[in-house]
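Visitor: Once you've had a glance at the structure underneath, I'll fire off some questions.
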Amino acid sequence: MLFQEVPASTFNYMLLGFCAILGIMGLFLISLVVRFRNLCRDLEQLEGNDVNERT
Amino acid sequence: MNGLEIGLVFTFANIVSGSIWARPIWNTWWTWDPRLVTASIMELIYIAYLLLRQGVEDPARRARFGAVYGIVGFISVPITFLSIRIFRTIHPVVIGSGEPSATGSFNMVPEMRVAFFFSLFTFTLIYVTLLWHRLRLQRLAERVEQAKRKVLSA
């Protein structure tokens, strides 16, 4: 094994790397969606309160 | 602020994928190499920046503290970039030439250059897309804040 005749197979590590990158990006995207939905709900509630107070 | 959050995500992905790359190449998941250490410190500095901003209620104070911390914290960015050129390291210098005697010094072959620029283009596109969505979120958060103030003042 001192002199390798063929390059080491790193394909599985490459797949793992892509999975890690996509996983991290996916988590961030999910956090954006969750925060967006929460804010939409807050806005609806606040605007509902505003309308109720006026009437 | 919006770009910072995405930068944190990208840096974290960079550290994790770099660790995966290091396993077959360096035969270890992690080593106390200057580039790895400075990149991790940079990530921690910007996490602290996010926490600082969330911890201050008053918008004017938050902006002032954020600006000062942002300027001081930015010092970590060039240090991280230059760490593999300044310090003795096994991390490869991919862009530009490094110290010729350094273990990781090499020039990109044309195939690597194609993969590098394709990757650069793709990640720039992902960055712009994420930034656009983050800006939309920011605008919505500002609307909610305005609505809160309106309700409280009524």
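In the structure tokens, chains take the letters A, B, ... in the order shown, each chain's residues start at 1, and ligands count up from 1 in the order shown.
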Which chain B residues are at most 9 Å from chain A (counting only C-alpha atoms), as a PyMOL selection string?

Guide: chain B and resi 6+9-10+12-14+16-21+23-25+130+133-134+136-137+140-141+143-145+147-148+150-151+154

Visitor: Just write the chosen residues, C-alpha atoms, as a PDB file, in the first residue's frame.

Guide:
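again.pdb, written as the output of this step:
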ATOM      1  CA  ILE B   6     -26.905  33.030   4.716  1.00  0.00           C
ATOM      2  CA  VAL B   9     -25.202  28.723   6.627  1.00  0.00           C
ATOM      3  CA  PHE B  10     -22.636  28.670   3.804  1.00  0.00           C
ATOM      4  CA  PHE B  12     -21.186  25.917   8.259  1.00  0.00           C
ATOM      5  CA  ALA B  13     -21.726  23.878   5.059  1.00  0.00           C
ATOM      6  CA  ASN B  14     -18.135  24.701   4.113  1.00  0.00           C
ATOM      7  CA  VAL B  16     -18.816  20.284   7.407  1.00  0.00           C
ATOM      8  CA  SER B  17     -18.101  19.423   3.751  1.00  0.00           C
ATOM      9  CA  GLY B  18     -14.427  20.313   4.295  1.00  0.00           C
ATOM     10  CA  SER B  19     -14.325  17.877   7.173  1.00  0.00           C
ATOM     11  CA  ILE B  20     -15.820  15.175   4.926  1.00  0.00           C
ATOM     12  CA  TRP B  21     -13.201  15.981   2.272  1.00  0.00           C
ATOM     13  CA  ARG B  23     -11.331  12.253   5.939  1.00  0.00           C
ATOM     14  CA  PRO B  24     -10.012  10.463   2.813  1.00  0.00           C
ATOM     15  CA  ILE B  25      -7.355  13.088   2.002  1.00  0.00           C
ATOM     16  CA  LEU B 130     -31.834  32.610  -0.531  1.00  0.00           C
ATOM     17  CA  HIS B 133     -36.361  34.971   0.265  1.00  0.00           C
ATOM     18  CA  ARG B 134     -34.631  36.280   3.405  1.00  0.00           C
ATOM     19  CA  ARG B 136     -39.032  38.988   1.867  1.00  0.00           C
ATOM     20  CA  LEU B 137     -39.031  37.592   5.393  1.00  0.00           C
ATOM     21  CA  LEU B 140     -42.785  40.874   6.522  1.00  0.00           C
ATOM     22  CA  ALA B 141     -41.138  41.108   9.964  1.00  0.00           C
ATOM     23  CA  ARG B 143     -44.762  44.936   8.711  1.00  0.00           C
ATOM     24  CA  VAL B 144     -45.539  42.837  11.794  1.00  0.00           C
ATOM     25  CA  GLU B 145     -43.472  45.213  13.928  1.00  0.00           C
ATOM     26  CA  ALA B 147     -48.708  46.471  13.178  1.00  0.00           C
ATOM     27  CA  LYS B 148     -47.625  45.687  16.770  1.00  0.00           C
ATOM     28  CA  LYS B 150     -50.054  50.421  15.919  1.00  0.00           C
ATOM     29  CA  VAL B 151     -51.996  48.024  18.184  1.00  0.00           C
ATOM     30  CA  ALA B 154     -54.249  52.418  19.975  1.00  0.00           C
TER      31      ALA B 154
END

Visitor: Near Leu36 of chain B, counting only C-alpha atoms, which residues have an atom at most 10 Å away, once you skip same-chain residues fewer than 6 positions from it, shown as JSON, numbers by chain?

Guide: {"B": [15, 18, 19, 30, 42, 80, 83, 84, 89, 91]}

Visitor: Taking into account only C-alpha atoms, which residue in the set B:Leu152, B:Leu50, B:Leu44, B:Ala22 is nearest to Asn2 of chain B?

Guide: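 That would be B:Leu50, the residue with the smallest distance to Asn2 of chain B.
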
Visitor: Do you know which residues are at most 10 Å from Glu43 of chain B counting only C-alpha atoms, after dropping those on the same chain fewer than 4 positions away, and could you put them as an NGL selection string?

Guide: :B and (7-12 or 15 or 37-39 or 47-49 or 76-77)

Visitor: So that I have them on file, write out the residues from the current selection with N, CA and C atoms, as a PDB file, in the first residue's frame.

Guide:
ATOM      1  N   GLY B   7     -24.596  33.719   5.029  1.00  0.00           N
ATOM      2  CA  GLY B   7     -23.153  33.494   5.140  1.00  0.00           C
ATOM      3  C   GLY B   7     -22.827  32.464   6.209  1.00  0.00           C
ATOM      4  N   LEU B   8     -23.558  32.533   7.313  1.00  0.00           N
ATOM      5  CA  LEU B   8     -23.354  31.545   8.386  1.00  0.00           C
ATOM      6  C   LEU B   8     -23.688  30.139   7.901  1.00  0.00           C
ATOM      7  N   VAL B   9     -24.791  30.036   7.159  1.00  0.00           N
ATOM      8  CA  VAL B   9     -25.202  28.723   6.627  1.00  0.00           C
ATOM      9  C   VAL B   9     -24.135  28.197   5.664  1.00  0.00           C
ATOM     10  N   PHE B  10     -23.652  29.069   4.791  1.00  0.00           N
ATOM     11  CA  PHE B  10     -22.636  28.670   3.804  1.00  0.00           C
ATOM     12  C   PHE B  10     -21.325  28.267   4.501  1.00  0.00           C
ATOM     13  N   THR B  11     -20.940  29.057   5.513  1.00  0.00           N
ATOM     14  CA  THR B  11     -19.687  28.744   6.213  1.00  0.00           C
ATOM     15  C   THR B  11     -19.799  27.415   6.950  1.00  0.00           C
ATOM     16  N   PHE B  12     -20.980  27.182   7.561  1.00  0.00           N
ATOM     17  CA  PHE B  12     -21.186  25.917   8.259  1.00  0.00           C
ATOM     18  C   PHE B  12     -21.119  24.748   7.267  1.00  0.00           C
ATOM     19  N   ILE B  15     -17.503  24.173   6.396  1.00  0.00           N
ATOM     20  CA  ILE B  15     -16.727  23.479   7.433  1.00  0.00           C
ATOM     21  C   ILE B  15     -17.077  21.984   7.450  1.00  0.00           C
ATOM     22  N   VAL B  37      -9.287  26.290  12.041  1.00  0.00           N
ATOM     23  CA  VAL B  37      -9.506  26.993  13.313  1.00  0.00           C
ATOM     24  C   VAL B  37     -10.035  28.403  13.057  1.00  0.00           C
ATOM     25  N   THR B  38      -9.399  29.146  12.116  1.00  0.00           N
ATOM     26  CA  THR B  38      -9.835  30.535  11.867  1.00  0.00           C
ATOM     27  C   THR B  38     -11.252  30.558  11.283  1.00  0.00           C
ATOM     28  N   ALA B  39     -11.568  29.578  10.413  1.00  0.00           N
ATOM     29  CA  ALA B  39     -12.924  29.528   9.837  1.00  0.00           C
ATOM     30  C   ALA B  39     -13.953  29.255  10.935  1.00  0.00           C
ATOM     31  N   ILE B  47     -22.001  34.040  14.834  1.00  0.00           N
ATOM     32  CA  ILE B  47     -23.134  33.526  15.623  1.00  0.00           C
ATOM     33  C   ILE B  47     -23.354  34.468  16.813  1.00  0.00           C
ATOM     34  N   ALA B  48     -22.231  34.883  17.445  1.00  0.00           N
ATOM     35  CA  ALA B  48     -22.325  35.814  18.575  1.00  0.00           C
ATOM     36  C   ALA B  48     -22.946  37.140  18.119  1.00  0.00           C
ATOM     37  N   TYR B  49     -22.637  37.556  16.898  1.00  0.00           N
ATOM     38  CA  TYR B  49     -23.213  38.802  16.349  1.00  0.00           C
ATOM     39  C   TYR B  49     -24.742  38.692  16.256  1.00  0.00           C
ATOM     40  N   SER B  76     -11.970  39.012  11.273  1.00  0.00           N
ATOM     41  CA  SER B  76     -11.789  37.552  11.169  1.00  0.00           C
ATOM     42  C   SER B  76     -11.867  37.048   9.721  1.00  0.00           C
ATOM     43  N   VAL B  77     -12.498  37.838   8.837  1.00  0.00           N
ATOM     44  CA  VAL B  77     -12.671  37.380   7.445  1.00  0.00           C
ATOM     45  C   VAL B  77     -11.335  37.356   6.682  1.00  0.00           C
TER      46      VAL B  77
END

Visitor: Mind pulling up the distance from atom CA of Ile71 of chain B to atom CA of Pro34 of chain B?

Guide: 22.2 Å

Visitor: Identify all residues of chain A in helix (DSSP H, G or I) (DSSP on the backbone) and supply them as a PyMOL selection string.

Guide: chain A and resi 11-54

Visitor: Output N, CA and C atoms for every residue in that selection, as a compact mmCIF listing (two decimals), in the first residue's frame.

Guide:
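Written output follows (selection36.txt):
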# COMPACT_ATOMS: atom_id res chain seq x y z
N PHE A 11 -15.70 8.56 -3.98
CA PHE A 11 -17.07 8.82 -4.46
C PHE A 11 -18.06 8.90 -3.30
N ASN A 12 -17.97 7.97 -2.35
CA ASN A 12 -18.92 7.96 -1.22
C ASN A 12 -18.78 9.23 -0.37
N TYR A 13 -17.55 9.70 -0.23
CA TYR A 13 -17.33 10.94 0.53
C TYR A 13 -17.94 12.13 -0.20
N MET A 14 -17.84 12.10 -1.54
CA MET A 14 -18.43 13.18 -2.34
C MET A 14 -19.95 13.20 -2.13
N LEU A 15 -20.57 12.01 -2.18
CA LEU A 15 -22.02 11.92 -1.96
C LEU A 15 -22.39 12.44 -0.57
N LEU A 16 -21.59 12.03 0.41
CA LEU A 16 -21.83 12.47 1.79
C LEU A 16 -21.72 14.00 1.89
N GLY A 17 -20.74 14.56 1.20
CA GLY A 17 -20.55 16.01 1.19
C GLY A 17 -21.74 16.73 0.59
N PHE A 18 -22.22 16.22 -0.56
CA PHE A 18 -23.39 16.83 -1.20
C PHE A 18 -24.61 16.73 -0.29
N CYS A 19 -24.78 15.55 0.35
CA CYS A 19 -25.92 15.37 1.27
C CYS A 19 -25.84 16.39 2.41
N ALA A 20 -24.63 16.58 2.95
CA ALA A 20 -24.45 17.52 4.06
C ALA A 20 -24.80 18.94 3.61
N ILE A 21 -24.28 19.34 2.44
CA ILE A 21 -24.55 20.71 1.96
C ILE A 21 -26.04 20.90 1.72
N LEU A 22 -26.66 19.94 1.00
CA LEU A 22 -28.09 20.06 0.71
C LEU A 22 -28.91 20.01 1.99
N GLY A 23 -28.50 19.16 2.93
CA GLY A 23 -29.21 19.06 4.21
C GLY A 23 -29.18 20.38 4.98
N ILE A 24 -28.00 21.00 5.04
CA ILE A 24 -27.86 22.27 5.78
C ILE A 24 -28.69 23.37 5.09
N MET A 25 -28.59 23.43 3.74
CA MET A 25 -29.38 24.43 2.98
C MET A 25 -30.88 24.17 3.18
N GLY A 26 -31.25 22.88 3.17
CA GLY A 26 -32.66 22.50 3.33
C GLY A 26 -33.19 22.93 4.70
N LEU A 27 -32.37 22.73 5.74
CA LEU A 27 -32.78 23.14 7.09
C LEU A 27 -33.00 24.65 7.15
N PHE A 28 -32.09 25.40 6.50
CA PHE A 28 -32.22 26.86 6.48
C PHE A 28 -33.50 27.27 5.75
N LEU A 29 -33.76 26.59 4.63
CA LEU A 29 -34.97 26.87 3.84
C LEU A 29 -36.22 26.58 4.66
N ILE A 30 -36.21 25.45 5.39
CA ILE A 30 -37.36 25.10 6.24
C ILE A 30 -37.54 26.18 7.32
N SER A 31 -36.42 26.64 7.90
CA SER A 31 -36.52 27.68 8.94
C SER A 31 -37.11 28.96 8.35
N LEU A 32 -36.75 29.28 7.09
CA LEU A 32 -37.32 30.48 6.44
C LEU A 32 -38.82 30.33 6.27
N VAL A 33 -39.25 29.14 5.81
CA VAL A 33 -40.68 28.89 5.57
C VAL A 33 -41.45 28.97 6.89
N VAL A 34 -40.92 28.34 7.94
CA VAL A 34 -41.60 28.33 9.25
C VAL A 34 -41.72 29.76 9.78
N ARG A 35 -40.62 30.53 9.69
CA ARG A 35 -40.65 31.90 10.20
C ARG A 35 -41.63 32.75 9.40
N PHE A 36 -41.67 32.52 8.07
CA PHE A 36 -42.59 33.27 7.20
C PHE A 36 -44.04 32.99 7.59
N ARG A 37 -44.34 31.70 7.81
CA ARG A 37 -45.72 31.33 8.20
C ARG A 37 -46.10 31.92 9.54
N ASN A 38 -45.17 31.86 10.49
CA ASN A 38 -45.45 32.43 11.82
C ASN A 38 -45.73 33.92 11.74
N LEU A 39 -44.92 34.61 10.93
CA LEU A 39 -45.11 36.05 10.78
C LEU A 39 -46.44 36.37 10.11
N CYS A 40 -46.82 35.55 9.10
CA CYS A 40 -48.11 35.75 8.41
C CYS A 40 -49.24 35.61 9.42
N ARG A 41 -49.13 34.59 10.29
CA ARG A 41 -50.17 34.36 11.30
C ARG A 41 -50.23 35.54 12.29
N ASP A 42 -49.05 36.00 12.70
CA ASP A 42 -49.00 37.16 13.61
C ASP A 42 -49.66 38.38 12.99
N LEU A 43 -49.34 38.61 11.72
CA LEU A 43 -49.88 39.78 11.02
C LEU A 43 -51.40 39.69 10.92
N GLU A 44 -51.89 38.50 10.58
CA GLU A 44 -53.35 38.31 10.50
C GLU A 44 -54.01 38.61 11.83
N GLN A 45 -53.41 38.09 12.91
CA GLN A 45 -53.96 38.31 14.26
C GLN A 45 -53.96 39.80 14.62
N LEU A 46 -52.82 40.45 14.33
CA LEU A 46 -52.69 41.87 14.68
C LEU A 46 -53.67 42.72 13.89
N GLU A 47 -53.80 42.40 12.60
CA GLU A 47 -54.76 43.17 11.78
C GLU A 47 -56.18 42.88 12.21
N GLY A 48 -56.44 41.62 12.63
CA GLY A 48 -57.76 41.26 13.16
C GLY A 48 -58.08 42.04 14.41
N ASN A 49 -57.06 42.16 15.32
CA ASN A 49 -57.24 42.95 16.55
C ASN A 49 -57.57 44.40 16.22
N ASP A 50 -56.83 44.92 15.24
CA ASP A 50 -56.99 46.31 14.84
C ASP A 50 -58.42 46.56 14.36
N VAL A 51 -58.94 45.65 13.52
CA VAL A 51 -60.30 45.77 12.98
C VAL A 51 -61.32 45.66 14.11
N ASN A 52 -61.09 44.69 15.04
CA ASN A 52 -62.02 44.50 16.17
C ASN A 52 -62.10 45.76 17.04
N GLU A 53 -60.93 46.38 17.27
CA GLU A 53 -60.92 47.58 18.11
C GLU A 53 -61.68 48.73 17.47
N ARG A 54 -61.58 48.81 16.15
CA ARG A 54 -62.26 49.90 15.45
C ARG A 54 -63.78 49.70 15.47

Visitor: Hey, can you check how far atom CA of Leu52 of chain B sits from atom CA of Phe74 of chain B?

Guide: 15.1 Å

Visitor: What does the structure give for the distance between atom CA of Phe123 of chain B and atom CA of Glu142 of chain B, in Å to one decimal?

Guide: 28.1 Å
